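Chemist: Supplied structure: query-v2.cif, mmCIF, C-alpha atoms.
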data_coords
loop_
_atom_site.label_atom_id
_atom_site.label_comp_id
_atom_site.auth_asym_id
_atom_site.auth_seq_id
_atom_site.Cartn_x
_atom_site.Cartn_y
_atom_site.Cartn_z
CA MET A 1 -32.70 -69.63 -43.60
CA SER A 2 -34.86 -66.52 -43.54
CA CYS A 3 -33.17 -63.15 -43.07
CA ALA A 4 -36.45 -61.31 -42.57
CA PRO A 5 -36.36 -58.90 -39.61
CA LYS A 6 -38.29 -59.86 -36.50
CA ARG A 7 -41.67 -58.26 -36.19
CA ARG A 8 -41.94 -56.02 -33.14
CA ARG A 9 -44.54 -57.15 -30.64
CA GLN A 10 -47.53 -54.87 -30.76
CA ALA A 11 -48.25 -53.02 -27.54
CA ILE A 12 -51.44 -53.95 -25.72
CA PRO A 13 -53.74 -50.91 -25.94
CA ILE A 14 -55.14 -49.19 -22.88
CA GLU A 15 -58.67 -48.06 -23.61
CA VAL A 16 -59.93 -45.04 -21.71
CA ILE A 17 -63.71 -45.19 -21.48
CA GLN A 18 -66.05 -42.31 -20.71
CA ALA A 19 -67.78 -43.16 -17.46
CA PHE A 20 -71.16 -41.70 -18.43
CA ASP A 21 -71.97 -43.61 -21.63
CA ARG A 22 -69.01 -46.02 -21.98
CA ALA A 23 -67.85 -44.26 -25.16
CA LEU A 24 -64.19 -44.63 -26.07
CA ILE A 25 -62.24 -41.46 -25.20
CA ALA A 26 -58.72 -42.53 -26.08
CA GLN A 27 -56.59 -45.55 -26.84
CA LEU A 28 -53.04 -45.48 -25.52
CA ASP A 29 -50.14 -47.86 -26.04
CA SER A 30 -49.11 -49.68 -22.88
CA GLU A 31 -45.44 -50.13 -22.02
CA ASP A 32 -43.45 -53.29 -21.41
CA ALA A 33 -40.55 -54.35 -19.18
CA ALA A 34 -37.94 -52.88 -21.52
CA ALA A 35 -39.63 -49.48 -21.40
CA LEU A 36 -39.78 -49.66 -17.62
CA ASP A 37 -36.08 -50.45 -17.40
CA ARG A 38 -35.22 -47.51 -19.66
CA LYS A 39 -37.25 -45.10 -17.56
CA ILE A 40 -35.81 -46.26 -14.25
CA GLU A 41 -32.29 -46.11 -15.65
CA THR A 42 -32.89 -42.59 -17.02
CA ALA A 43 -34.03 -41.45 -13.59
CA ARG A 44 -31.16 -43.23 -11.82
CA ARG A 45 -28.53 -41.60 -14.04
CA LEU A 46 -30.05 -38.16 -13.59
CA PHE A 47 -29.98 -38.49 -9.83
CA ALA A 48 -26.45 -39.92 -9.80
CA ASP A 49 -25.13 -36.75 -11.49
CA ARG A 50 -25.27 -34.07 -8.80
CA ARG A 51 -24.48 -31.45 -11.44
CA ALA A 52 -27.89 -32.19 -12.99
CA TRP A 53 -29.80 -31.55 -9.76
CA LEU A 54 -32.23 -28.66 -9.94
CA LYS A 55 -31.60 -25.86 -7.46
CA PRO A 56 -34.39 -24.94 -5.00
CA HIS A 57 -35.09 -21.62 -6.77
CA GLN A 58 -35.50 -23.53 -10.06
CA ARG A 59 -37.96 -25.95 -8.48
CA ILE A 60 -39.93 -23.10 -6.93
CA GLU A 61 -40.16 -21.35 -10.31
CA ILE A 62 -41.27 -24.56 -12.07
CA LEU A 63 -44.01 -25.27 -9.53
CA ARG A 64 -45.27 -21.69 -9.62
CA LYS A 65 -45.45 -21.82 -13.42
CA LEU A 66 -47.23 -25.17 -13.20
CA ALA A 67 -49.91 -23.67 -10.93
CA VAL A 68 -50.45 -20.81 -13.40
CA LEU A 69 -50.69 -23.22 -16.34
CA MET A 70 -53.19 -25.40 -14.47
CA GLU A 71 -55.31 -22.36 -13.66
CA SER A 72 -55.38 -21.45 -17.35
CA LYS A 73 -56.63 -24.97 -18.16
CA ARG A 74 -58.94 -25.38 -15.16
CA GLU A 75 -62.04 -26.08 -17.25
CA HIS A 76 -60.23 -28.64 -19.42
CA LEU A 77 -58.73 -30.43 -16.42
CA GLY A 78 -62.11 -30.55 -14.67
CA ARG A 79 -63.85 -31.97 -17.74
CA GLN A 80 -61.07 -34.52 -18.16
CA ILE A 81 -61.61 -35.74 -14.58
CA ALA A 82 -65.36 -35.92 -15.15
CA ARG A 83 -65.04 -37.80 -18.44
CA GLU A 84 -62.56 -40.46 -17.43
CA GLY A 85 -63.40 -40.70 -13.73
CA GLY A 86 -67.17 -40.25 -13.75
CA LYS A 87 -67.45 -37.38 -11.26
CA PRO A 88 -70.02 -34.62 -11.67
CA LEU A 89 -68.32 -31.64 -13.29
CA SER A 90 -68.83 -29.50 -10.17
CA ASP A 91 -66.91 -32.06 -8.06
CA ALA A 92 -64.26 -32.42 -10.76
CA LEU A 93 -63.64 -28.68 -10.71
CA VAL A 94 -63.30 -28.81 -6.92
CA GLU A 95 -60.67 -31.52 -7.37
CA THR A 96 -58.87 -29.34 -9.91
CA ASP A 97 -58.82 -26.40 -7.49
CA ARG A 98 -57.44 -28.64 -4.75
CA ALA A 99 -54.74 -29.90 -7.12
CA ILE A 100 -53.71 -26.33 -8.02
CA ASP A 101 -53.55 -25.47 -4.33
CA GLY A 102 -51.38 -28.55 -3.74
CA VAL A 103 -48.91 -27.36 -6.37
CA ARG A 104 -48.71 -23.94 -4.70
CA ASN A 105 -48.15 -25.62 -1.34
CA GLY A 106 -45.20 -27.52 -2.79
CA ALA A 107 -43.54 -24.29 -3.92
CA GLU A 108 -44.23 -22.55 -0.60
CA GLU A 109 -42.88 -25.44 1.46
CA LEU A 110 -39.51 -25.08 -0.25
CA ARG A 111 -39.16 -21.62 1.28
CA VAL A 112 -39.37 -22.96 4.84
CA MET A 113 -37.98 -26.49 4.53
CA ALA A 114 -34.70 -26.59 6.43
CA GLY A 115 -32.57 -28.67 8.75
CA ARG A 116 -31.90 -27.84 12.39
CA GLU A 117 -29.06 -27.13 14.73
CA ILE A 118 -28.31 -29.90 17.23
CA PRO A 119 -27.41 -28.71 20.74
CA MET A 120 -23.74 -29.25 21.54
CA GLY A 121 -21.50 -28.45 24.49
CA LEU A 122 -23.64 -30.65 26.70
CA THR A 123 -20.74 -32.96 27.49
CA PRO A 124 -17.00 -32.30 27.73
CA ALA A 125 -16.47 -34.14 24.45
CA SER A 126 -18.82 -31.77 22.55
CA ILE A 127 -17.41 -28.46 23.78
CA ASP A 128 -16.68 -26.06 20.90
CA ARG A 129 -18.41 -28.38 18.43
CA ARG A 130 -21.15 -27.54 15.95
CA ALA A 131 -23.69 -30.03 14.61
CA PHE A 132 -26.60 -29.57 12.26
CA THR A 133 -28.81 -31.51 9.88
CA ILE A 134 -29.60 -30.77 6.25
CA TRP A 135 -32.22 -32.23 3.93
CA GLU A 136 -31.21 -33.91 0.69
CA PRO A 137 -33.31 -35.74 -1.93
CA ILE A 138 -33.62 -39.46 -1.26
CA GLY A 139 -33.37 -40.70 -4.86
CA VAL A 140 -35.68 -42.08 -7.53
CA VAL A 141 -39.36 -42.12 -6.50
CA ALA A 142 -41.99 -44.53 -7.82
CA ALA A 143 -45.55 -43.19 -7.59
CA ILE A 144 -48.39 -45.66 -8.15
CA SER A 145 -51.77 -43.98 -8.07
CA ALA A 146 -55.48 -44.77 -7.95
CA PHE A 147 -58.47 -43.98 -10.14
CA ASN A 148 -60.81 -42.10 -7.81
CA HIS A 149 -59.02 -38.71 -7.84
CA PRO A 150 -57.05 -38.92 -11.08
CA LEU A 151 -55.53 -35.43 -10.86
CA ASN A 152 -55.30 -34.51 -7.20
CA LEU A 153 -53.76 -37.81 -6.10
CA ILE A 154 -51.09 -37.51 -8.79
CA VAL A 155 -50.31 -33.99 -7.54
CA HIS A 156 -49.96 -35.31 -3.98
CA GLN A 157 -47.42 -37.87 -5.19
CA VAL A 158 -45.53 -36.04 -7.93
CA VAL A 159 -45.23 -32.50 -6.55
CA PRO A 160 -43.42 -33.52 -3.31
CA ALA A 161 -40.90 -35.46 -5.41
CA VAL A 162 -40.33 -32.49 -7.73
CA ALA A 163 -40.14 -30.05 -4.82
CA THR A 164 -37.50 -32.09 -3.01
CA GLY A 165 -35.46 -32.72 -6.16
CA CYS A 166 -36.21 -36.40 -6.72
CA PRO A 167 -36.74 -37.92 -10.18
CA VAL A 168 -40.19 -39.53 -10.20
CA ILE A 169 -41.81 -42.24 -12.32
CA VAL A 170 -45.59 -42.17 -12.00
CA LYS A 171 -47.93 -44.99 -12.91
CA PRO A 172 -51.54 -43.81 -13.08
CA ALA A 173 -54.48 -46.16 -12.84
CA ASN A 174 -55.11 -47.63 -16.29
CA PRO A 175 -58.79 -46.56 -16.37
CA THR A 176 -57.88 -42.89 -15.70
CA PRO A 177 -54.46 -42.00 -17.15
CA LEU A 178 -55.38 -38.85 -19.09
CA SER A 179 -55.35 -36.43 -16.15
CA CYS A 180 -51.91 -37.71 -15.19
CA LEU A 181 -50.61 -37.30 -18.73
CA ASP A 182 -51.99 -33.75 -18.83
CA LEU A 183 -50.35 -32.84 -15.52
CA VAL A 184 -46.94 -34.23 -16.49
CA SER A 185 -47.13 -32.47 -19.85
CA LEU A 186 -47.84 -29.16 -18.08
CA LEU A 187 -44.99 -29.86 -15.66
CA HIS A 188 -42.59 -30.21 -18.58
CA GLU A 189 -44.05 -27.07 -20.16
CA ALA A 190 -43.36 -25.27 -16.87
CA GLY A 191 -39.67 -26.07 -17.27
CA LEU A 192 -39.05 -29.46 -15.62
CA PRO A 193 -36.66 -31.51 -17.78
CA PRO A 194 -38.55 -34.60 -19.06
CA GLY A 195 -36.37 -37.17 -17.32
CA TRP A 196 -37.26 -35.79 -13.90
CA CYS A 197 -40.90 -36.85 -14.24
CA GLN A 198 -41.88 -39.79 -16.44
CA VAL A 199 -45.19 -41.60 -16.89
CA PHE A 200 -45.24 -45.39 -17.07
CA LEU A 201 -48.37 -46.97 -18.57
CA ALA A 202 -47.91 -50.51 -17.32
CA GLU A 203 -48.91 -53.34 -19.59
CA THR A 204 -49.61 -55.65 -16.62
CA ASN A 205 -50.00 -55.49 -12.84
CA GLU A 206 -46.77 -57.46 -12.59
CA LEU A 207 -44.91 -54.56 -14.23
CA ALA A 208 -46.42 -52.12 -11.73
CA GLU A 209 -45.05 -54.34 -8.98
CA ALA A 210 -41.68 -54.45 -10.77
CA LEU A 211 -41.60 -50.65 -10.68
CA ALA A 212 -42.37 -50.57 -6.96
CA THR A 213 -39.80 -53.18 -6.00
CA ASP A 214 -36.89 -52.38 -8.34
CA PRO A 215 -33.69 -51.88 -6.26
CA ARG A 216 -33.00 -48.60 -8.09
CA ILE A 217 -36.16 -47.12 -6.56
CA ALA A 218 -35.38 -45.29 -3.32
CA PHE A 219 -38.94 -44.45 -2.26
CA LEU A 220 -42.43 -45.72 -3.07
CA SER A 221 -45.58 -43.63 -2.92
CA PHE A 222 -48.52 -46.00 -3.30
CA ILE A 223 -52.24 -45.22 -3.36
CA GLY A 224 -54.51 -48.23 -3.68
CA SER A 225 -55.89 -51.14 -1.74
CA ALA A 226 -54.46 -52.00 1.68
CA ARG A 227 -53.88 -55.58 0.55
CA VAL A 228 -51.66 -54.59 -2.36
CA GLY A 229 -49.89 -51.87 -0.37
CA TRP A 230 -48.86 -54.17 2.46
CA HIS A 231 -47.82 -56.78 -0.10
CA LEU A 232 -45.44 -54.28 -1.73
CA ARG A 233 -44.00 -52.64 1.36
CA PRO A 234 -41.57 -55.39 2.49
CA SER A 235 -39.91 -55.34 -0.94
CA CYS A 236 -39.25 -51.59 -0.89
CA ARG A 237 -35.68 -50.39 -0.48
CA ARG A 238 -35.02 -50.18 3.27
CA GLY A 239 -38.78 -50.12 3.78
CA ARG A 240 -39.08 -46.53 2.55
CA ALA A 241 -42.66 -46.19 1.44
CA VAL A 242 -45.82 -44.19 1.99
CA LEU A 243 -48.98 -46.27 1.60
CA TRP A 244 -52.30 -44.51 1.14
CA SER A 245 -55.17 -46.97 1.21
CA THR A 246 -58.35 -46.24 -0.73
CA ALA A 247 -60.05 -49.24 0.81
CA VAL A 248 -63.25 -48.70 2.77
CA LEU A 249 -62.72 -49.29 6.51
CA ARG A 250 -65.23 -51.51 8.23
CA PRO A 251 -66.05 -51.42 11.96
#
As a first step, turn the structure in this file into structure tokens.
Modeler:
Amino acid sequence: MSCAPKRRRQAIPIEVIQAFDRALIAQLDSEDAAALDRKIETARRLFADRRAWLKPHQRIEILRKLAVLMESKREHLGRQIAREGGKPLSDALVETDRAIDGVRNGAEELRVMAGREIPMGLTPASIDRRAFTIWEPIGVVAAISAFNHPLNLIVHQVVPAVATGCPVIVKPANPTPLSCLDLVSLLHEAGLPPGWCQVFLAETNELAEALATDPRIAFLSFIGSARVGWHLRPSCRRGRAVLWSTAVLRP
């Protein structure tokens, strides 16, 4: 009987191809079901420990630092979009500027986001009562994104989660993951603890669906085809999902 250790299964590579001349830009290791489970469980445990929640002033500071870091790397981010996504550089830089503005908006929104007082004393039973609402983070967010705006779409999905205090796991489109990886790296550099924003490079489409439908996921942000979005929505926890379709509408 052989006592040789089992060979680990080699990860299927994700090849990132330059849109202009089809040259190889990067080769990344994809992630399997075990990696997905670890990331979801990391996010779940973080959220379950209220002592680990980031305070609003901490989230504001992180997002402001992120915007500054993105500005300092504007040219790099624009060229990254152009290389992996195929946009003209001028359009890619416009996307970068929009993404930076989106980060600033996230920080500014935290200064005005609040609950409301509910009118009381309108019936005898509510005399001398006070009622109000407060906002609290919903839980772990899954963000599945598309290829056509590889930076700005990720910002639209990740920054609201960070701003509201939700751990987020983001799955970029496999053809254009580099802009997402850059953004998340800058987010960590800005001070966000790594477990609060994780990237999942799915080995298969089935694993992307597993991320979206896992019962530990409290909210799904999906950008992609209408067909896939409506397929995923019924499986989401209590139907909590935002679906952004990139499909072309026909009359």
Chemist: Ranking A:Ile144, A:Leu192, A:Ala210, A:Val199 by minimum distance to Leu54 of chain A and counting only C-alpha atoms, which one comes first?
Modeler: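 Closest residue, counting only C-alpha atoms: A:Leu192.
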Chemist: Given the file shown, enumerate the residues that the PyMOL selection byres ((chain A and resi 12) around 9) captures and present them as a ChimeraX atom specification.
Modeler: /A:10-11,13-14,28-31,203
Chemist: Which polymer residues have any atom within 7 Å of an atom of Asn152 of chain A, counting all atoms listed in the file, with same-chain residues fewer than 6 positions away left out, as number ranges by chain?
Modeler: A: 95-96, 98-99
Chemist: Determine the residue set returned by the PyMOL selection byres ((chain A and resi 217) around 8) for the present structure, and present it as a PyMOL selection string.
Modeler: chain A and resi 40+139-142+211-216+218-220+236-237
Chemist: Let me make sure I understand: among A:Gly85, A:Glu61, A:Ala163, A:Ser90, which one has the smallest atom-to-atom distance to Met113 of chain A if we use all atoms listed in the file?
Modeler: A:Ala163
Chemist: Write out N, CA and C atoms for segment 163-174 of chain A, as a PDB file, in the coordinates of the input.
Modeler:
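Output (selection-v1.pdb):
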ATOM      1  N   ALA A 163     -40.554 -31.099  -5.747  1.00  0.00           N
ATOM      2  CA  ALA A 163     -40.140 -30.050  -4.820  1.00  0.00           C
ATOM      3  C   ALA A 163     -38.846 -30.412  -4.093  1.00  0.00           C
ATOM      4  N   THR A 164     -38.684 -31.678  -3.751  1.00  0.00           N
ATOM      5  CA  THR A 164     -37.500 -32.090  -3.010  1.00  0.00           C
ATOM      6  C   THR A 164     -36.332 -32.464  -3.916  1.00  0.00           C
ATOM      7  N   GLY A 165     -36.554 -32.454  -5.229  1.00  0.00           N
ATOM      8  CA  GLY A 165     -35.460 -32.720  -6.160  1.00  0.00           C
ATOM      9  C   GLY A 165     -35.244 -34.177  -6.471  1.00  0.00           C
ATOM     10  N   CYS A 166     -36.303 -34.965  -6.422  1.00  0.00           N
ATOM     11  CA  CYS A 166     -36.210 -36.400  -6.720  1.00  0.00           C
ATOM     12  C   CYS A 166     -36.793 -36.684  -8.104  1.00  0.00           C
ATOM     13  N   PRO A 167     -36.106 -37.452  -8.944  1.00  0.00           N
ATOM     14  CA  PRO A 167     -36.740 -37.920 -10.180  1.00  0.00           C
ATOM     15  C   PRO A 167     -37.905 -38.846  -9.811  1.00  0.00           C
ATOM     16  N   VAL A 168     -39.005 -38.741 -10.535  1.00  0.00           N
ATOM     17  CA  VAL A 168     -40.190 -39.530 -10.200  1.00  0.00           C
ATOM     18  C   VAL A 168     -40.734 -40.210 -11.443  1.00  0.00           C
ATOM     19  N   ILE A 169     -41.126 -41.480 -11.265  1.00  0.00           N
ATOM     20  CA  ILE A 169     -41.810 -42.240 -12.320  1.00  0.00           C
ATOM     21  C   ILE A 169     -43.208 -42.529 -11.783  1.00  0.00           C
ATOM     22  N   VAL A 170     -44.222 -42.043 -12.481  1.00  0.00           N
ATOM     23  CA  VAL A 170     -45.590 -42.170 -12.000  1.00  0.00           C
ATOM     24  C   VAL A 170     -46.367 -43.128 -12.871  1.00  0.00           C
ATOM     25  N   LYS A 171     -47.060 -44.058 -12.200  1.00  0.00           N
ATOM     26  CA  LYS A 171     -47.930 -44.990 -12.910  1.00  0.00           C
ATOM     27  C   LYS A 171     -49.369 -44.699 -12.503  1.00  0.00           C
ATOM     28  N   PRO A 172     -50.137 -44.073 -13.398  1.00  0.00           N
ATOM     29  CA  PRO A 172     -51.540 -43.810 -13.080  1.00  0.00           C
ATOM     30  C   PRO A 172     -52.366 -45.091 -13.186  1.00  0.00           C
ATOM     31  N   ALA A 173     -53.555 -45.042 -12.647  1.00  0.00           N
ATOM     32  CA  ALA A 173     -54.480 -46.160 -12.840  1.00  0.00           C
ATOM     33  C   ALA A 173     -54.831 -46.258 -14.318  1.00  0.00           C
ATOM     34  N   ASN A 174     -54.851 -47.466 -14.858  1.00  0.00           N
ATOM     35  CA  ASN A 174     -55.110 -47.630 -16.290  1.00  0.00           C
ATOM     36  C   ASN A 174     -56.467 -47.090 -16.742  1.00  0.00           C
TER      37      ASN A 174
END
